[in-house]
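Enquirer: Below is a structure I'd like to ask you about.
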Amino acid sequence: METLKDFGFFLFSSPTTVLGVGLLLIILYLVTVGSSRETGKEPPGPKPLPLLGNLLQLDLQRPYKTLCELSKKYGSVFTVYFGPKKVVVLAGYRTVREALVGYADEFGEREIAPIFADVTKHSGVLFSNGETWREMRRFALSTLRDFGMGKRGAEEKILEECGHLIKVFESYKGKPFNTSRPTNNAASNIISSIVFGSRFEYDDPRFRDLVSRVIENIKIGGSAGIQLYNTFPRLVGWIKSRQVMLKNGEKTIRDMKKLMQKLKETLNPQTCRGLVDCFLVRKQKEEDSCVKDTQFTEKNLLYTVANLFAAGTDTTSASLRWSLLLMAKYPHIQDQVQEELTRVVGNREVHVEDRKNLPYTDAVVHEIQRFGNVIPMSVPHKTSRDVTFQGYFIKEGTTVIPLLASVLYDESEWESPHTFNPSHFLDKEGRFIKRDAFLPFSAGRRVCLGEGLAKMSLFLFFTSLLQRFRFMPPPGVSEDDLDLTPAVGFTIPPSPHELCAISRQ
Ligand code: HEM
């Protein structure tokens with residue numbers, strides 16, 4: 001809010017600035033709204049104000065909510081202006097799928113907002129396009145597969161981490177605690193063991209710093225201040241939240257460099273311990289054979305690793321927190337999960353193989369992801385060329401938001417979209433059923449690269465924890481009091497809360 005106040009003060013500080021701003025408004029209005037009207041029928045949308053666009057109509061804390069509302073009025077393809085920036089929103093399962101899968105070439109590029117261009121410099125896999133993205137994505141996917149995504153290797157690593165997480169939960173001895181830190185640590189360690197080949201102790205200061213900076217950057221990345229910077233980068237580059245993000249980014253890269261130096265010194269090309277080793281071996285090979293314009297550079301390595309931490313920590317941990325909160329909120333559903341786990345698995349360790357024999361639990365895990373809706377606006381895309389989609393003209397380079405919230409809560413796809421209801425994923429006989437509109441990982445060319453790993457982690461964490469603990473509200477708090485309002489941000493975990501993990505053994 002401070003940033004917005006400062007900005008308002010700057011705008012109206014003298015007659016010359018007022019005049020200057022007025023002129024700028026008119027020019028921007030003509031450039032952003034006027035010009036593109038000539039090229040064809042544009043997606044409809046609320047009328048924008050000069051400079052401010054539709055900012056005054058948007059709930060800046062939870063923009064996905066306003067966008068879902070707007071889609072009811074303007075349809076499944078519509079235009080909104082975030083300040084002078086034009087954004088096309090895709091809403092509802094059919095439209096999102098048609099665009100991302102059917103028009104993958106046109107809608108498959110990443111929009112790189114100014115803050116992410118500053119922090120990642122178009123390197124790595126999350127905020128890059130073209131050859132860099134193609135090579136980094138191919139490499140990351142194939143090494144994740146080699147390190148057992150969907151196979152034994154990752155399962156062992158996740159189960160080991162479950163053991164550590166369980167110990168932390170036990171240490172609270174049934175007293176209320178905030179689940180954020182332990183779940184962030186556990187999710188981050190899964191990435192760490194796949195990327196570096198080893199996990200960190202939870203009290204290792206390097207690890208604590210790494211995790212807290214990753215989480216802080218994601219949180220600030222979704223704040224009103226950063227949205228303002230992304231809208232007016234030239235005007236508000238000085239804001240504090242941007243400086244914090246840049247510093248966090250620099251420190252993370254510095255730490256990563258140190259960790260990688262250790263791996264370089266002990267590298268054995270015959271036995272890669274993790275993704276970094278594989279990258280270093282590949283980098284050496286490309287250098288030895290003088291490959292021109294190689295993407296296997298130190299910069300791409302650092303940012304790809306940082307991206308995997310950023311993309312994989314908060315998302316997995318937020319989903320896990322939703323799972324525990326929802327179980328405490330709906331004890332009858334928790335009862336059924338625990339009954340099924342006791343009947344099918346008993347006291348032995350749960351494995352991925354058990355999933356097919358745990359239809360109810362599987363349905364609950366899916367419903368947690370649907371209802372949790374942790375990335376409601378996906379990660380923005382942009383059009384790679386001019387495209388006519390569902391009769392509307394969208395210019396090359398237009399920012400596109402695939403509104404995943406409108407897919408996961410699509411009223412024409414889900415029987416009771418606004419209720420936590422595992423039956424969405426069960427047939428009449430109680431068998432698990434897949435649902436097309438289940439797209440928490442998005443779809444198409446940019447679909448989440450860690451989908452397999454995230455699904456495996458969620459399933460194993462959730463079942464291992466529910467085997468051992470009963471999750472309950474703190475004493476004096478009723479199930480009805482447990483608040484399901486999501487937090488504010490780019491990813492949306494539950495609002496801060498405490499739970500009790502009561503041992504079942
Ligand atoms: C429950 C957990 C997760 C959810 C809900 C999730 C969801 C998403 C979504 C919605 C996107 C944007 C897709 C698009 O642009 O259309 C994405 C991208 C991405 N995710 Fe995940 N994700 C999760 C876990 C992970 C994990 C564990 C990793 C790391 C191994 C990961 C790595 C990535 C990367 C690298 C991208 C960028 C892909 C690209 O631009 O090509 N995610 N994820």
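By order in the structure tokens, chains are A, B, ...; within a chain, residues start at 1; ligands start at 1, following the order shown.
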Neighbouring residues of Asn184 in chain A were defined as those with any atom within 7 Å, considering only C-alpha atoms; residues of the same chain fewer than 5 positions away were excluded. Please report them as a CSV table (one decimal) with N, CA and C atoms, in the first residue's frame.
Expert:
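Output saved as result05.csv:
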```csv
chain,number,residue,atom,x,y,z
A,313,THR,N,9.0,-25.9,-4.9
A,313,THR,CA,8.9,-25.8,-3.4
A,313,THR,C,7.5,-25.4,-2.9
A,314,ASP,N,7.2,-24.1,-3.3
A,314,ASP,CA,6.0,-23.5,-2.7
A,314,ASP,C,4.7,-24.2,-3.2
A,317,SER,N,4.5,-27.6,-1.4
A,317,SER,CA,4.2,-27.4,0.0
A,317,SER,C,2.8,-26.8,0.3
```
Enquirer: Report as a Markdown table: every residue of chain A with an atom at most 7 Å from ligand 1, its closest pair of atoms, and their distance in Å to one decimal, counting only C-alpha atoms and all ligand atoms, with rows sorted by chain and ascending residue number.
Expert:
```
| residue | atom | partner | partner_atom_place_in_ligand_line | distance |
| --- | --- | --- | --- | --- |
| A:Arg110 | CA | ligand 1 | 40 (O) | 6.7 |
| A:Val125 | CA | ligand 1 | 40 (O) | 5.8 |
| A:Leu126 | CA | ligand 1 | 40 (O) | 4.1 |
| A:Phe127 | CA | ligand 1 | 40 (O) | 6.5 |
| A:Trp133 | CA | ligand 1 | 41 (O) | 6.9 |
| A:Arg137 | CA | ligand 1 | 41 (O) | 6.0 |
| A:Ile191 | CA | ligand 1 | 30 (C) | 6.3 |
| A:Asn307 | CA | ligand 1 | 35 (C) | 6.0 |
| A:Leu308 | CA | ligand 1 | 29 (C) | 4.7 |
| A:Phe309 | CA | ligand 1 | 29 (C) | 6.7 |
| A:Ala311 | CA | ligand 1 | 31 (C) | 4.6 |
| A:Gly312 | CA | ligand 1 | 26 (C) | 3.3 |
| A:Thr313 | CA | ligand 1 | 27 (C) | 6.5 |
| A:Thr315 | CA | ligand 1 | 2 (C) | 4.3 |
| A:Thr316 | CA | ligand 1 | 2 (C) | 4.1 |
| A:Ser319 | CA | ligand 1 | 1 (C) | 5.6 |
| A:Val374 | CA | ligand 1 | 5 (C) | 5.8 |
| A:Ile375 | CA | ligand 1 | 10 (C) | 5.5 |
| A:Ser378 | CA | ligand 1 | 10 (C) | 4.3 |
| A:Val379 | CA | ligand 1 | 15 (O) | 4.7 |
| A:Pro380 | CA | ligand 1 | 15 (O) | 6.3 |
| A:His381 | CA | ligand 1 | 15 (O) | 6.3 |
| A:Pro440 | CA | ligand 1 | 5 (C) | 5.1 |
| A:Phe441 | CA | ligand 1 | 7 (C) | 4.0 |
| A:Ser442 | CA | ligand 1 | 16 (O) | 4.7 |
| A:Ala443 | CA | ligand 1 | 16 (O) | 5.9 |
| A:Arg445 | CA | ligand 1 | 41 (O) | 7.0 |
| A:Arg446 | CA | ligand 1 | 41 (O) | 4.2 |
| A:Val447 | CA | ligand 1 | 13 (C) | 4.4 |
| A:Cys448 | CA | ligand 1 | 17 (C) | 3.7 |
| A:Leu449 | CA | ligand 1 | 33 (C) | 4.5 |
| A:Gly450 | CA | ligand 1 | 28 (C) | 3.7 |
| A:Glu451 | CA | ligand 1 | 24 (C) | 5.8 |
| A:Leu453 | CA | ligand 1 | 27 (C) | 5.7 |
| A:Ala454 | CA | ligand 1 | 27 (C) | 4.5 |
| A:Lys455 | CA | ligand 1 | 1 (C) | 6.8 |
```
Enquirer: Could you save those same residues with C-alpha atoms as a PDB file, in the first residue's frame?
Expert:
```pdb
ATOM      1  CA  ARG A 110       6.178 -17.507 -21.825  1.00  0.00           C
ATOM      2  CA  VAL A 125      13.647 -22.972 -18.096  1.00  0.00           C
ATOM      3  CA  LEU A 126      10.781 -21.146 -16.385  1.00  0.00           C
ATOM      4  CA  PHE A 127      11.286 -17.612 -17.725  1.00  0.00           C
ATOM      5  CA  TRP A 133      13.831 -22.900 -23.177  1.00  0.00           C
ATOM      6  CA  ARG A 137      13.215 -28.165 -20.822  1.00  0.00           C
ATOM      7  CA  ILE A 191      14.193 -30.933  -5.336  1.00  0.00           C
ATOM      8  CA  ASN A 307      13.857 -22.299 -11.266  1.00  0.00           C
ATOM      9  CA  LEU A 308      13.314 -25.882 -10.148  1.00  0.00           C
ATOM     10  CA  PHE A 309      13.530 -24.816  -6.502  1.00  0.00           C
ATOM     11  CA  ALA A 311       8.661 -23.835  -9.127  1.00  0.00           C
ATOM     12  CA  GLY A 312       8.744 -27.001  -7.018  1.00  0.00           C
ATOM     13  CA  THR A 313       8.909 -25.843  -3.393  1.00  0.00           C
ATOM     14  CA  THR A 315       3.561 -25.336  -5.029  1.00  0.00           C
ATOM     15  CA  THR A 316       4.101 -28.777  -3.493  1.00  0.00           C
ATOM     16  CA  SER A 319      -0.811 -28.352  -1.761  1.00  0.00           C
ATOM     17  CA  VAL A 374      -2.637 -23.271  -5.932  1.00  0.00           C
ATOM     18  CA  ILE A 375      -1.684 -21.450  -9.175  1.00  0.00           C
ATOM     19  CA  SER A 378      -1.015 -20.345 -14.165  1.00  0.00           C
ATOM     20  CA  VAL A 379       2.245 -18.651 -15.192  1.00  0.00           C
ATOM     21  CA  PRO A 380       1.408 -16.093 -17.907  1.00  0.00           C
ATOM     22  CA  HIS A 381       1.930 -16.977 -21.560  1.00  0.00           C
ATOM     23  CA  PRO A 440      -3.764 -27.846 -11.847  1.00  0.00           C
ATOM     24  CA  PHE A 441      -0.527 -28.337 -13.804  1.00  0.00           C
ATOM     25  CA  SER A 442      -1.885 -26.486 -16.852  1.00  0.00           C
ATOM     26  CA  ALA A 443      -1.666 -28.171 -20.291  1.00  0.00           C
ATOM     27  CA  ARG A 445       3.700 -27.248 -24.418  1.00  0.00           C
ATOM     28  CA  ARG A 446       4.397 -25.426 -21.152  1.00  0.00           C
ATOM     29  CA  VAL A 447       2.646 -27.929 -18.895  1.00  0.00           C
ATOM     30  CA  CYS A 448       4.360 -28.231 -15.504  1.00  0.00           C
ATOM     31  CA  LEU A 449       7.658 -29.962 -15.921  1.00  0.00           C
ATOM     32  CA  GLY A 450       7.496 -31.477 -12.441  1.00  0.00           C
ATOM     33  CA  GLU A 451       3.962 -32.884 -12.691  1.00  0.00           C
ATOM     34  CA  LEU A 453       7.282 -35.711  -9.316  1.00  0.00           C
ATOM     35  CA  ALA A 454       4.734 -33.437  -7.639  1.00  0.00           C
ATOM     36  CA  LYS A 455       1.956 -36.033  -7.888  1.00  0.00           C
TER      37      LYS A 455
END
```
Enquirer: Restricting the calculation to only C-alpha atoms: of A:Gly391, A:Gly225, A:Gly444, A:Gly124, which residue gets closest to Leu302 in chain A?
Expert: A:Gly124
Enquirer: For range 234-242 of chain A, find every residue with an atom within 9 Å (counting only C-alpha atoms), except residues of its own chain fewer than 4 positions away, and show them as a list in words.
Expert: Thr3, Phe7, Ile115, Ile220, Gly221, Ser223, Gly225, Ile226, Leu228, Tyr229, Asn230, Leu246 and Lys247 of chain A
Enquirer: Generate the output file for the selected residues, N, CA and C atoms, as a JSON list (two decimals), in the first residue's frame.
Expert:
```
[["chain", "number", "residue", "atom", "x", "y", "z"],
["A", 3, "THR", "N", 3.68, 1.70, -1.36],
["A", 3, "THR", "CA", 4.17, 1.95, -2.70],
["A", 3, "THR", "C", 3.13, 2.71, -3.51],
["A", 7, "PHE", "N", 3.42, 6.43, -5.07],
["A", 7, "PHE", "CA", 3.22, 6.61, -6.50],
["A", 7, "PHE", "C", 2.17, 7.71, -6.75],
["A", 115, "ILE", "N", 9.97, -7.96, -13.85],
["A", 115, "ILE", "CA", 10.67, -8.41, -12.64],
["A", 115, "ILE", "C", 11.40, -9.73, -12.89],
["A", 220, "ILE", "N", 6.55, -12.18, -2.64],
["A", 220, "ILE", "CA", 6.64, -10.78, -3.10],
["A", 220, "ILE", "C", 6.29, -10.70, -4.58],
["A", 221, "GLY", "N", 6.67, -11.74, -5.34],
["A", 221, "GLY", "CA", 6.40, -11.75, -6.79],
["A", 221, "GLY", "C", 4.92, -11.56, -7.11],
["A", 223, "SER", "N", 2.88, -9.70, -5.15],
["A", 223, "SER", "CA", 2.36, -8.57, -4.37],
["A", 223, "SER", "C", 1.92, -7.41, -5.28],
["A", 225, "GLY", "N", 2.84, -4.34, -5.09],
["A", 225, "GLY", "CA", 4.00, -3.53, -5.45],
["A", 225, "GLY", "C", 4.67, -4.05, -6.72],
["A", 226, "ILE", "N", 4.85, -5.37, -6.79],
["A", 226, "ILE", "CA", 5.52, -5.94, -7.97],
["A", 226, "ILE", "C", 4.60, -5.88, -9.19],
["A", 228, "LEU", "N", 2.63, -3.52, -9.75],
["A", 228, "LEU", "CA", 2.76, -2.12, -10.16],
["A", 228, "LEU", "C", 4.05, -1.94, -10.97],
["A", 229, "TYR", "N", 5.13, -2.56, -10.47],
["A", 229, "TYR", "CA", 6.41, -2.46, -11.18],
["A", 229, "TYR", "C", 6.30, -3.10, -12.57],
["A", 230, "ASN", "N", 5.66, -4.28, -12.64],
["A", 230, "ASN", "CA", 5.52, -4.94, -13.94],
["A", 230, "ASN", "C", 4.69, -4.11, -14.91],
["A", 246, "LEU", "N", 15.51, -8.69, -6.05],
["A", 246, "LEU", "CA", 16.80, -8.75, -6.75],
["A", 246, "LEU", "C", 17.88, -9.28, -5.81],
["A", 247, "LYS", "N", 17.89, -8.77, -4.58],
["A", 247, "LYS", "CA", 18.90, -9.21, -3.59],
["A", 247, "LYS", "C", 18.77, -10.70, -3.31]]
```
Enquirer: Considering only C-alpha atoms, can you say which of A:Glu429, A:Glu367, A:Lys157, A:Val89 comes closest to Ser416 in chain A?
Expert: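 Going through A:Glu429, A:Glu367, A:Lys157, A:Val89 one by one, the smallest distance to Ser416 in chain A is for A:Glu367.
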Enquirer: Counting only C-alpha atoms, what is within 8 Å of Leu439 in chain A, bar same-chain residues fewer than 3 positions away, as a list in words?
Expert: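 With the cut-off at 8 Å, the set is Arg370, Leu404, Val407, Leu408, Asp436, Ser442 and Ala443 of chain A.
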Enquirer: Selection from above, C-alpha atoms, as a PDB file, in the first residue's frame, can you write it?
Expert:
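Once everything was written out, this is result-v9.pdb:
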```pdb
ATOM      1  CA  ARG A 370      -8.636 -29.116  -7.565  1.00  0.00           C
ATOM      2  CA  LEU A 404      -6.743 -22.270 -14.237  1.00  0.00           C
ATOM      3  CA  VAL A 407     -11.053 -24.589 -15.136  1.00  0.00           C
ATOM      4  CA  LEU A 408     -10.800 -26.172 -11.682  1.00  0.00           C
ATOM      5  CA  ASP A 436     -10.491 -33.979 -18.114  1.00  0.00           C
ATOM      6  CA  SER A 442      -1.885 -26.486 -16.852  1.00  0.00           C
ATOM      7  CA  ALA A 443      -1.666 -28.171 -20.291  1.00  0.00           C
TER       8      ALA A 443
END
```
Enquirer: One decimal, Å: what's the distance from CA of Tyr409 in chain A over to CA of Phe107 in chain A, could you say?
Expert: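 Atom-to-atom, CA of Tyr409 in chain A to CA of Phe107 in chain A, that is 22.1 Å.
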Enquirer: Counting only C-alpha atoms, which residue out of A:Pro182, A:His332, A:Gly108, A:Ala306 sits closest to Arg213 in chain A?
Expert: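 Of A:Pro182, A:His332, A:Gly108, A:Ala306, the one nearest Arg213 in chain A is A:Ala306, counting only C-alpha atoms.
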Enquirer: Which residues are close to Lys258 in chain A, i.e. within 12 Å by only C-alpha atoms, leaving aside same-chain residues fewer than 6 positions away? Reply as a ChimeraX atom specification.
Expert: /A:196,206,251-252,264-265,302
Enquirer: Between A:Lys395, A:Arg273, A:Lys121, A:Arg435, single out the one closest to Pro43 in chain A, counting only C-alpha atoms.
Expert: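 The closest residue to Pro43 in chain A is A:Lys395.
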Enquirer: If we count only C-alpha atoms and set the cut-off at 10 Å, which residues sit around range 474-487 of chain A, ignoring sequence neighbours fewer than 5 positions away in its own chain? Please answer as a list in words.
Expert: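 Selected residues are Gln61, Arg62, Gly174, Lys175, Pro176, Phe177, Lys219, Trp322, Leu325, Leu326, Met327, Ala328, Lys329, Tyr330, Pro331, Gly372, Asn373, Val374, Ile492, Pro493, Pro494, Ser495, Pro496, His497, Glu498, Leu499, Cys500 and Ala501 of chain A.
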Enquirer: Looking only at strand (DSSP E or B) from DSSP on the backbone, list the matching residues of range 14-202 of chain A as a VMD selection string.
Expert: chain A and resid 49 53 77 to 82 85 to 91 109 to 110 177 to 178
Enquirer: Those residues you just picked out, can you put them in a file as a JSON list (two decimals), in the first residue's frame with C-alpha atoms?
Expert:
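Final output, again_8.json:
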```json
[["chain", "number", "residue", "atom", "x", "y", "z"],
["A", 49, "LEU", "CA", -9.43, 3.94, -18.33],
["A", 53, "GLY", "CA", -6.80, 0.34, -17.63],
["A", 77, "VAL", "CA", -11.95, -15.17, -24.21],
["A", 78, "PHE", "CA", -11.80, -11.59, -23.01],
["A", 79, "THR", "CA", -9.52, -8.60, -22.67],
["A", 80, "VAL", "CA", -8.52, -6.73, -19.51],
["A", 81, "TYR", "CA", -6.00, -3.97, -19.11],
["A", 82, "PHE", "CA", -3.56, -4.20, -16.21],
["A", 85, "LYS", "CA", -0.86, -3.48, -20.48],
["A", 86, "LYS", "CA", -3.34, -5.46, -22.49],
["A", 87, "VAL", "CA", -3.96, -9.02, -21.30],
["A", 88, "VAL", "CA", -6.15, -11.66, -22.91],
["A", 89, "VAL", "CA", -7.73, -14.08, -20.44],
["A", 90, "LEU", "CA", -8.71, -17.63, -21.38],
["A", 91, "ALA", "CA", -11.42, -19.06, -19.14],
["A", 109, "GLU", "CA", 5.40, -18.94, -25.24],
["A", 110, "ARG", "CA", 6.18, -17.51, -21.82],
["A", 177, "PHE", "CA", 1.92, -25.80, 15.24],
["A", 178, "ASN", "CA", 2.15, -23.96, 11.94]]
```
Enquirer: Which residues, written as a compact mmCIF listing (two decimals) with C-alpha atoms, in the first residue's frame, have at least one atom at most 10 Å from range 355-358 of chain A, with only C-alpha atoms counted and residues fewer than 5 positions away on the same chain left out?
Expert:
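Saved to out-v6.txt:
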```
# COMPACT_ATOMS: atom_id res chain seq x y z
CA VAL A 337 -9.01 -42.12 4.09
CA GLU A 340 -8.89 -47.32 3.56
CA LEU A 341 -5.21 -46.93 4.44
CA ARG A 343 -7.42 -51.85 5.38
CA VAL A 344 -5.18 -51.81 2.31
CA VAL A 345 -1.72 -50.88 3.62
CA VAL A 350 3.05 -46.84 1.59
CA ALA A 363 -9.81 -39.20 -5.21
CA ARG A 431 -13.69 -46.55 -8.35
CA PHE A 432 -11.30 -43.70 -9.11
CA MET A 456 4.18 -38.71 -6.42
CA PHE A 459 0.52 -38.89 -2.64
CA LEU A 460 3.38 -40.28 -0.54
CA THR A 463 -0.62 -41.06 2.90
```
Enquirer: Mind checking DSSP for range 173-266 of chain A and telling me the helix (DSSP H, G or I) residues as number ranges by chain?
Expert: A: 180-195, 205-221, 224-231, 240-265
Enquirer: From the options A:Asn268, A:Ser406, A:Thr231, A:Asn129, which residue's atoms come nearest to Thr95 in chain A, counting only C-alpha atoms?
Expert: A:Ser406
Enquirer: Do you have the CA of Leu301 in chain A-CA of Ile190 in chain A distance handy?
Expert: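 Here the two named atoms are 18.2 Å from each other.
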Enquirer: For Gly346 in chain A, which residue among A:Thr304, A:Ser457, A:Ser464, A:Asn421 is the nearest when counting only C-alpha atoms?
Expert: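 Residue with the minimum atom-to-atom distance to Gly346 in chain A: A:Ser464.
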Enquirer: Separation of CA of Phe296 in chain A and CA of Glu131 in chain A, in Å?
Expert: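 Value for the CA of Phe296 in chain A-CA of Glu131 in chain A distance: 11.3 Å.
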